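The file final_7.pdb comes next; it holds PDB, C-alpha atoms.
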ATOM      1  CA  MET R   1     288.447 163.318 -13.488
ATOM      2  CA  THR R   2     289.617 163.281  -9.885
ATOM      3  CA  ALA R   3     286.206 161.992  -8.825
ATOM      4  CA  CYS R   4     286.622 159.180 -11.364
ATOM      5  CA  GLY R   5     289.972 158.173  -9.917
ATOM      6  CA  ALA R   6     292.234 159.873 -12.473
ATOM      7  CA  PRO R   7     293.388 163.175 -10.955
ATOM      8  CA  VAL R   8     295.126 165.595 -13.327
ATOM      9  CA  ARG R   9     296.388 169.142 -13.049
ATOM     10  CA  PRO R  10     294.449 171.972 -14.731
ATOM     11  CA  GLU R  11     297.610 172.787 -16.697
ATOM     12  CA  LEU R  12     297.591 169.318 -18.216
ATOM     13  CA  ILE R  13     293.971 169.654 -19.323
ATOM     14  CA  GLU R  14     294.857 172.980 -20.902
ATOM     15  CA  ALA R  15     297.725 171.279 -22.747
ATOM     16  CA  TRP R  16     295.265 168.686 -24.100
ATOM     17  CA  GLU R  17     292.932 171.427 -25.282
ATOM     18  CA  TYR R  18     295.733 173.217 -27.134
ATOM     19  CA  GLY R  19     297.121 169.995 -28.550
ATOM     20  CA  SER R  20     300.587 170.362 -27.054
ATOM     21  CA  GLN R  21     300.133 167.085 -25.156
ATOM     22  CA  ALA R  22     297.895 164.054 -25.526
ATOM     23  CA  PRO R  23     296.195 162.129 -22.716
ATOM     24  CA  THR R  24     297.334 158.643 -21.922
ATOM     25  CA  GLU R  25     295.027 155.794 -22.871
ATOM     26  CA  ALA R  26     293.681 155.539 -19.323
ATOM     27  CA  GLN R  27     293.145 159.303 -19.165
ATOM     28  CA  LEU R  28     291.373 159.228 -22.524
ATOM     29  CA  PHE R  29     288.881 156.634 -21.264
ATOM     30  CA  VAL R  30     288.121 158.630 -18.116
ATOM     31  CA  LEU R  31     287.886 161.882 -20.050
ATOM     32  CA  ALA R  32     285.333 160.330 -22.401
ATOM     33  CA  ASP R  33     283.242 159.270 -19.415
ATOM     34  CA  VAL R  34     283.493 162.716 -17.817
ATOM     35  CA  LEU R  35     282.478 164.480 -21.020
ATOM     36  CA  TRP R  36     279.773 161.924 -21.879
ATOM     37  CA  CYS R  37     281.127 161.292 -25.361
ATOM     38  CA  PRO R  38     282.638 158.378 -27.275
ATOM     39  CA  PRO R  39     286.465 158.162 -27.210
ATOM     40  CA  THR R  40     286.441 158.550 -30.999
ATOM     41  CA  VAL R  41     285.225 162.146 -30.608
ATOM     42  CA  LEU R  42     288.282 162.929 -28.494
ATOM     43  CA  MET R  43     290.590 160.911 -30.761
ATOM     44  CA  GLY R  44     289.443 162.934 -33.751
ATOM     45  CA  VAL R  45     289.762 160.008 -36.156
ATOM     46  CA  GLU R  46     287.625 157.249 -37.596
ATOM     47  CA  PRO R  47     289.143 154.068 -36.122
ATOM     48  CA  ARG R  48     291.214 152.142 -38.640
ATOM     49  CA  THR R  49     294.007 150.416 -36.771
ATOM     50  CA  LEU R  50     293.674 147.649 -34.217
ATOM     51  CA  ALA R  51     294.673 150.018 -31.403
ATOM     52  CA  GLU R  52     292.184 152.695 -32.492
ATOM     53  CA  HIS R  53     289.306 150.214 -32.628
ATOM     54  CA  ARG R  54     290.230 148.935 -29.188
ATOM     55  CA  MET R  55     290.402 152.443 -27.690
ATOM     56  CA  ALA R  56     287.121 153.362 -29.354
ATOM     57  CA  ARG R  57     285.548 150.569 -27.286
ATOM     58  CA  GLN R  58     287.351 151.715 -24.131
ATOM     59  CA  ILE R  59     289.008 148.326 -23.662
ATOM     60  CA  GLY R  60     292.489 147.966 -22.240
ATOM     61  CA  VAL R  61     295.153 145.762 -23.826
ATOM     62  CA  ASP R  62     295.113 143.119 -21.092
ATOM     63  CA  ARG R  63     291.328 142.947 -21.029
ATOM     64  CA  LEU R  64     291.047 142.495 -24.798
ATOM     65  CA  ALA R  65     293.784 139.878 -24.804
ATOM     66  CA  GLN R  66     291.792 138.013 -22.149
ATOM     67  CA  LEU R  67     288.560 138.288 -24.159
ATOM     68  CA  ILE R  68     290.104 136.831 -27.291
ATOM     69  CA  GLY R  69     292.231 134.197 -25.560
ATOM     70  CA  MET R  70     295.614 135.607 -26.583
ATOM     71  CA  ASP R  71     298.775 136.223 -24.617
ATOM     72  CA  PRO R  72     298.946 139.991 -23.853
ATOM     73  CA  ALA R  73     302.485 140.218 -25.218
ATOM     74  CA  ALA R  74     301.380 138.640 -28.502
ATOM     75  CA  TYR R  75     298.460 141.021 -28.702
ATOM     76  CA  ARG R  76     300.700 144.039 -28.052
ATOM     77  CA  ALA R  77     302.984 142.828 -30.837
ATOM     78  CA  ALA R  78     300.004 142.734 -33.214
ATOM     79  CA  GLU R  79     299.127 146.334 -32.363
ATOM     80  CA  ALA R  80     302.743 147.427 -32.749
ATOM     81  CA  ALA R  81     302.944 145.753 -36.172
ATOM     82  CA  ASN R  82     299.592 147.272 -37.168
ATOM     83  CA  GLY R  83     298.417 143.896 -38.376
ATOM     84  CA  TRP R  84     296.519 140.844 -37.220
ATOM     85  CA  ASN R  85     297.287 137.163 -37.665
ATOM     86  CA  GLY R  86     295.240 135.520 -34.938
ATOM     87  CA  ASP R  87     293.624 132.146 -35.560
ATOM     88  CA  TYR R  88     289.964 131.698 -36.478
ATOM     89  CA  ARG R  89     288.730 131.502 -32.883
ATOM     90  CA  GLN R  90     290.724 134.565 -31.818
ATOM     91  CA  THR R  91     289.635 136.532 -34.873
ATOM     92  CA  LYS R  92     285.983 135.705 -34.262
ATOM     93  CA  ALA R  93     286.333 136.831 -30.643
ATOM     94  CA  LEU R  94     288.092 140.012 -31.774
ATOM     95  CA  VAL R  95     285.254 140.831 -34.173
ATOM     96  CA  GLU R  96     282.708 140.389 -31.399
ATOM     97  CA  ALA R  97     284.688 142.393 -28.825
ATOM     98  CA  LEU R  98     285.372 145.348 -31.131
ATOM     99  CA  GLY R  99     282.178 145.238 -33.196
ATOM    100  CA  LEU R 100     284.060 144.973 -36.478
ATOM    101  CA  SER R 101     282.474 144.769 -39.905
ATOM    102  CA  LEU R 102     284.097 142.749 -42.680
ATOM    103  CA  ARG R 103     285.549 145.928 -44.167
ATOM    104  CA  LYS R 104     286.985 147.070 -40.829
ATOM    105  CA  LEU R 105     288.435 143.624 -40.114
ATOM    106  CA  ILE R 106     290.387 143.752 -43.371
ATOM    107  CA  GLY R 107     291.768 147.117 -42.292
ATOM    108  CA  VAL R 108     292.706 145.737 -38.868
ATOM    109  CA  MET R 109     294.479 142.839 -40.575
ATOM    110  CA  GLY R 110     296.638 145.368 -42.396
ATOM    111  CA  ARG R 111     295.468 144.298 -45.854
ATOM    112  CA  ASP R 112     293.920 147.570 -47.050
ATOM    113  CA  GLU R 113     296.891 148.479 -49.232
ATOM    114  CA  GLU R 114     297.067 144.971 -50.674
ATOM    115  CA  LEU R 115     293.394 145.167 -51.613
ATOM    116  CA  ALA R 116     293.822 148.648 -53.097
ATOM    117  CA  GLY R 117     296.706 147.376 -55.218
ATOM    118  CA  HIS R 118     294.585 144.602 -56.712
ATOM    119  CA  LEU R 119     291.742 147.031 -57.380
ATOM    120  CA  ARG R 120     294.077 149.419 -59.188
ATOM    121  CA  SER R 121     295.532 146.619 -61.314
ATOM    122  CA  ALA R 122     292.043 145.279 -62.038
ATOM    123  CA  ILE R 123     290.683 148.534 -63.441
ATOM    124  CA  GLU R 124     293.812 149.233 -65.476
ATOM    125  CA  GLY R 125     294.215 145.742 -66.926
ATOM    126  CA  ARG R 126     292.472 142.383 -66.954
ATOM    127  CA  TRP R 127     290.004 142.548 -64.079
ATOM    128  CA  LYS R 128     289.209 138.815 -64.173
ATOM    129  CA  ALA R 129     292.775 138.001 -63.110
ATOM    130  CA  HIS R 130     292.210 139.799 -59.816
ATOM    131  CA  VAL R 131     288.925 138.202 -58.811
ATOM    132  CA  GLY R 132     290.693 135.349 -56.992
ATOM    133  CA  PRO R 133     293.122 137.528 -55.002
ATOM    134  CA  VAL R 134     290.326 139.891 -53.961
ATOM    135  CA  ILE R 135     288.192 136.922 -52.848
ATOM    136  CA  GLU R 136     291.128 135.607 -50.800
ATOM    137  CA  ILE R 137     291.462 138.961 -48.984
ATOM    138  CA  THR R 138     287.766 139.695 -48.473
ATOM    139  CA  THR R 139     286.177 136.195 -48.258
ATOM    140  CA  LEU R 140     283.341 137.540 -50.448
ATOM    141  CA  ASN R 141     281.828 135.239 -53.032
ATOM    142  CA  LYS R 142     282.855 135.251 -56.677
ATOM    143  CA  THR R 143     279.676 136.861 -57.991
ATOM    144  CA  ARG R 144     279.916 139.901 -55.716
ATOM    145  CA  VAL R 145     283.588 140.463 -56.464
ATOM    146  CA  SER R 146     283.229 139.899 -60.207
ATOM    147  CA  ASP R 147     280.310 142.302 -60.481
ATOM    148  CA  ALA R 148     282.181 145.012 -58.577
ATOM    149  CA  LEU R 149     285.424 144.660 -60.560
ATOM    150  CA  ARG R 150     283.596 144.546 -63.886
ATOM    151  CA  THR R 151     281.724 147.742 -63.039
ATOM    152  CA  MET R 152     284.850 149.554 -61.874
ATOM    153  CA  HIS R 153     286.806 148.461 -64.943
ATOM    154  CA  ALA R 154     284.088 149.851 -67.222
ATOM    155  CA  GLU R 155     283.859 153.114 -65.285
ATOM    156  CA  PHE R 156     287.591 153.672 -65.424
ATOM    157  CA  ALA R 157     287.700 152.874 -69.136
ATOM    158  CA  GLU R 158     285.263 155.744 -69.710
ATOM    159  CA  PHE R 159     287.814 158.238 -68.401
ATOM    160  CA  SER R 160     290.368 157.087 -70.986
ATOM    161  CA  GLU R 161     287.807 157.210 -73.781
ATOM    162  CA  ARG R 162     286.663 160.704 -72.830
ATOM    163  CA  TYR R 163     290.225 161.950 -72.512
ATOM    164  CA  MET R 164     291.218 160.591 -75.910
ATOM    165  CA  GLY R 165     288.047 161.999 -77.423
ATOM    166  CA  HIS R 166     288.887 165.507 -76.222
ATOM    167  CA  LEU R 167     292.496 165.050 -77.291
ATOM    168  CA  VAL R 168     291.550 164.027 -80.841
ATOM    169  CA  ALA R 169     289.010 166.834 -81.051
ATOM    170  CA  ARG R 170     291.733 169.246 -79.911
ATOM    171  CA  ASN R 171     289.602 170.647 -77.131
ATOM    172  CA  ASP R 172     291.123 173.201 -74.793
ATOM    173  CA  ASP R 173     293.424 172.225 -71.955
ATOM    174  CA  SER R 174     290.858 173.109 -69.311
ATOM    175  CA  ARG R 175     288.558 170.295 -70.432
ATOM    176  CA  LEU R 176     291.417 167.793 -70.513
ATOM    177  CA  LYS R 177     292.466 168.883 -67.015
ATOM    178  CA  GLU R 178     288.888 168.451 -65.815
ATOM    179  CA  VAL R 179     288.737 164.864 -67.051
ATOM    180  CA  ALA R 180     292.169 164.162 -65.558
ATOM    181  CA  ALA R 181     291.006 165.568 -62.207
ATOM    182  CA  GLU R 182     287.927 163.333 -62.270
ATOM    183  CA  ARG R 183     290.164 160.353 -62.973
ATOM    184  CA  SER R 184     292.443 161.206 -60.046
ATOM    185  CA  ALA R 185     289.459 161.610 -57.726
ATOM    186  CA  TYR R 186     288.156 158.217 -58.833
ATOM    187  CA  LEU R 187     291.492 156.567 -58.050
ATOM    188  CA  ARG R 188     291.636 158.159 -54.595
ATOM    189  CA  ARG R 189     288.233 156.662 -53.738
ATOM    190  CA  LEU R 190     288.949 153.273 -55.288
ATOM    191  CA  ALA R 191     288.623 151.196 -52.105
ATOM    192  CA  ASP R 192     285.637 153.202 -50.843
ATOM    193  CA  HIS R 193     283.879 152.722 -54.178
ATOM    194  CA  PHE R 194     284.578 148.988 -54.123
ATOM    195  CA  TRP R 195     282.863 148.665 -50.746
ATOM    196  CA  GLU R 196     279.974 150.831 -51.930
ATOM    197  CA  LEU R 197     279.432 148.386 -54.789
ATOM    198  CA  ILE R 198     279.727 145.406 -52.420
ATOM    199  CA  GLY R 199     277.004 146.919 -50.232
ATOM    200  CA  GLU R 200     275.699 145.437 -47.003
ATOM    201  CA  ALA R 201     278.053 142.435 -46.970
ATOM    202  CA  GLY R 202     281.012 144.752 -46.397
ATOM    203  CA  GLU R 203     279.356 146.523 -43.483
ATOM    204  CA  ALA R 204     278.035 143.355 -41.822
ATOM    205  CA  PRO R 205     279.970 141.472 -39.135
ATOM    206  CA  PRO R 206     282.079 138.619 -40.531
ATOM    207  CA  PHE R 207     281.338 135.020 -39.516
ATOM    208  CA  ASN R 208     277.636 135.786 -38.986
ATOM    209  CA  THR R 209     277.107 136.415 -42.704
ATOM    210  CA  VAL R 210     279.304 133.806 -44.358
ATOM    211  CA  THR R 211     276.452 132.418 -46.460
ATOM    212  CA  THR R 212     275.448 135.882 -47.773
ATOM    213  CA  HIS R 213     278.916 137.039 -48.718
TER
END

As structure tokens, the full file:
Amino acid sequence: MTACGAPVRPELIEAWEYGSQAPTEAQLFVLADVLWCPPTVLMGVEPRTLAEHRMARQIGVDRLAQLIGMDPAAYRAAEAANGWNGDYRQTKALVEALGLSLRKLIGVMGRDEELAGHLRSAIEGRWKAHVGPVIEITTLNKTRVSDALRTMHAEFAEFSERYMGHLVARNDDSRLKEVAAERSAYLRRLADHFWELIGEAGEAPPFNTVTTH
């Protein structure tokens, strides 16, 4: 690290290894270069936030702000708020700079929980009422969203039918608990399953695939 212009004491490296301290952003970038690995390996997380995606690309705050044409202070505020409200041009530049897919952009915009809430309401109630809100969040077309919500609504309804069937048949508690566990697991993966049903449009870069969404 000294040879790369970021001298550190051996004791500090030991502290990183034991997890008692974390490297600064600049140290993280140099460490990744020294160890010939992506920063995400050292971060130990799959990037979700705006800051994590930026660090995964080894781009500093000022440099990214310059790339997207935003005042650095405004960009720092976006990272601090864990959300994104840049205009179309800035968002397009952000997608290109960070290599974001549609799904990742929605996460960066801080709308994951909002989407998950609509998905939960859709499978538990009238799914058609949530097609519009989901389209507004994802920019996907109506057919894709409708097909995904219809499928998820039907899948979730099966859990209720199976549970009631075992309840009426007076099956043992272990079987009821098994169905309940499957239902809970399904709910935990709700957003992941939605994107699985959406397919390639969710993993493709936004703006370049507007016509195929």

Output of the PyMOL selection byres ((chain R and resi 74) around 12), listed as a PyMOL selection string: chain R and resi 61-62+64-66+68-73+75-81+83-86+90

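Residues in contact with Leu187 (chain R) at 10 Å, where all atoms listed in the file are counted and same-chain residues fewer than 3 positions away are skipped, are listed as Ala116, Leu119, Arg120, Ile123, Phe156, Ala181, Glu182, Arg183, Ser184, Leu190, Ala191, Asp192 and His193 of chain R.
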
Going by the chain IDs and residue numbers used in this file, which residues fall under the PyMOL selection byres ((chain R and resi 204) around 9)? Write them as number ranges by chain. R: 100-103, 200-203, 205-206, 208-209

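Atom to atom, CA of Lys128 (chain R) and CA of Met109 (chain R) stand 24.5 Å apart.
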
Polymer residues at most 12 Å from Cys4 (chain R), all atoms listed in the file, same-chain spacing of 2 or more positions, as a VMD selection string: chain R and resid 1 to 2 6 to 8 26 to 27 29 to 35

Put those residues in a file: C-alpha atoms, as a short mmCIF file (atom, residue, chain, number, x, y, z; two decimals), in the coordinates of the input.
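Saved to out_4.cif:
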data_model
loop_
_atom_site.label_atom_id
_atom_site.label_comp_id
_atom_site.auth_asym_id
_atom_site.auth_seq_id
_atom_site.Cartn_x
_atom_site.Cartn_y
_atom_site.Cartn_z
CA MET R 1 288.45 163.32 -13.49
CA THR R 2 289.62 163.28 -9.88
CA ALA R 6 292.23 159.87 -12.47
CA PRO R 7 293.39 163.18 -10.96
CA VAL R 8 295.13 165.60 -13.33
CA ALA R 26 293.68 155.54 -19.32
CA GLN R 27 293.14 159.30 -19.16
CA PHE R 29 288.88 156.63 -21.26
CA VAL R 30 288.12 158.63 -18.12
CA LEU R 31 287.89 161.88 -20.05
CA ALA R 32 285.33 160.33 -22.40
CA ASP R 33 283.24 159.27 -19.42
CA VAL R 34 283.49 162.72 -17.82
CA LEU R 35 282.48 164.48 -21.02
#

Using only C-alpha atoms, determine which residues lie at most 12 Å from Ala154 (chain R), disregarding the query and same-chain residues fewer than 4 positions distant; provide the list as an NGL selection string. :R and (122-127 or 147-150 or 158-161)

I'd like to see the residues matched by the PyMOL selection byres ((chain R and resi 56) around 12) on this file, and ideally I'd get them as number ranges by chain. R: 25, 28-29, 32, 37-55, 57-60, 97-100

Could you write those residues out with C-alpha atoms, as a PDB file, keeping the file's coordinate frame?
ATOM      1  CA  GLU R  25     295.027 155.794 -22.871  1.00  0.00           C
ATOM      2  CA  LEU R  28     291.373 159.228 -22.524  1.00  0.00           C
ATOM      3  CA  PHE R  29     288.881 156.634 -21.264  1.00  0.00           C
ATOM      4  CA  ALA R  32     285.333 160.330 -22.401  1.00  0.00           C
ATOM      5  CA  CYS R  37     281.127 161.292 -25.361  1.00  0.00           C
ATOM      6  CA  PRO R  38     282.638 158.378 -27.275  1.00  0.00           C
ATOM      7  CA  PRO R  39     286.465 158.162 -27.210  1.00  0.00           C
ATOM      8  CA  THR R  40     286.441 158.550 -30.999  1.00  0.00           C
ATOM      9  CA  VAL R  41     285.225 162.146 -30.608  1.00  0.00           C
ATOM     10  CA  LEU R  42     288.282 162.929 -28.494  1.00  0.00           C
ATOM     11  CA  MET R  43     290.590 160.911 -30.761  1.00  0.00           C
ATOM     12  CA  GLY R  44     289.443 162.934 -33.751  1.00  0.00           C
ATOM     13  CA  VAL R  45     289.762 160.008 -36.156  1.00  0.00           C
ATOM     14  CA  GLU R  46     287.625 157.249 -37.596  1.00  0.00           C
ATOM     15  CA  PRO R  47     289.143 154.068 -36.122  1.00  0.00           C
ATOM     16  CA  ARG R  48     291.214 152.142 -38.640  1.00  0.00           C
ATOM     17  CA  THR R  49     294.007 150.416 -36.771  1.00  0.00           C
ATOM     18  CA  LEU R  50     293.674 147.649 -34.217  1.00  0.00           C
ATOM     19  CA  ALA R  51     294.673 150.018 -31.403  1.00  0.00           C
ATOM     20  CA  GLU R  52     292.184 152.695 -32.492  1.00  0.00           C
ATOM     21  CA  HIS R  53     289.306 150.214 -32.628  1.00  0.00           C
ATOM     22  CA  ARG R  54     290.230 148.935 -29.188  1.00  0.00           C
ATOM     23  CA  MET R  55     290.402 152.443 -27.690  1.00  0.00           C
ATOM     24  CA  ARG R  57     285.548 150.569 -27.286  1.00  0.00           C
ATOM     25  CA  GLN R  58     287.351 151.715 -24.131  1.00  0.00           C
ATOM     26  CA  ILE R  59     289.008 148.326 -23.662  1.00  0.00           C
ATOM     27  CA  GLY R  60     292.489 147.966 -22.240  1.00  0.00           C
ATOM     28  CA  ALA R  97     284.688 142.393 -28.825  1.00  0.00           C
ATOM     29  CA  LEU R  98     285.372 145.348 -31.131  1.00  0.00           C
ATOM     30  CA  GLY R  99     282.178 145.238 -33.196  1.00  0.00           C
ATOM     31  CA  LEU R 100     284.060 144.973 -36.478  1.00  0.00           C
TER      32      LEU R 100
END

CA of Thr24 (chain R) sits from CA of Gly107 (chain R) at a separation of 24.1 Å

Counting all atoms listed in the file, note down every residue that has an atom within 12 Å of the point (289.1, 137.5, -48.9) (file coordinates), as a PyMOL selection string. chain R and resi 102-103+105-107+109+111-112+114-115+118+130-142+144-145+202+206+210+213

Mind pulling up the distance from CA of Ser146 (chain R) to CA of Ala129 (chain R)? 10.2 Å

Residue nearest Leu197 (chain R) among R:Met152, R:Ser121, R:Ser174, R:Ala157 (counting only C-alpha atoms): R:Met152

Listed atoms of region 133-151 of chain R boxed axis-aligned with 4 Å per side, centre + edges as AutoDock Vina command-line options:
--center_x 286.4 --center_y 141.5 --center_z -56.1 --size_x 21.4 --size_y 20.5 --size_z 23.6
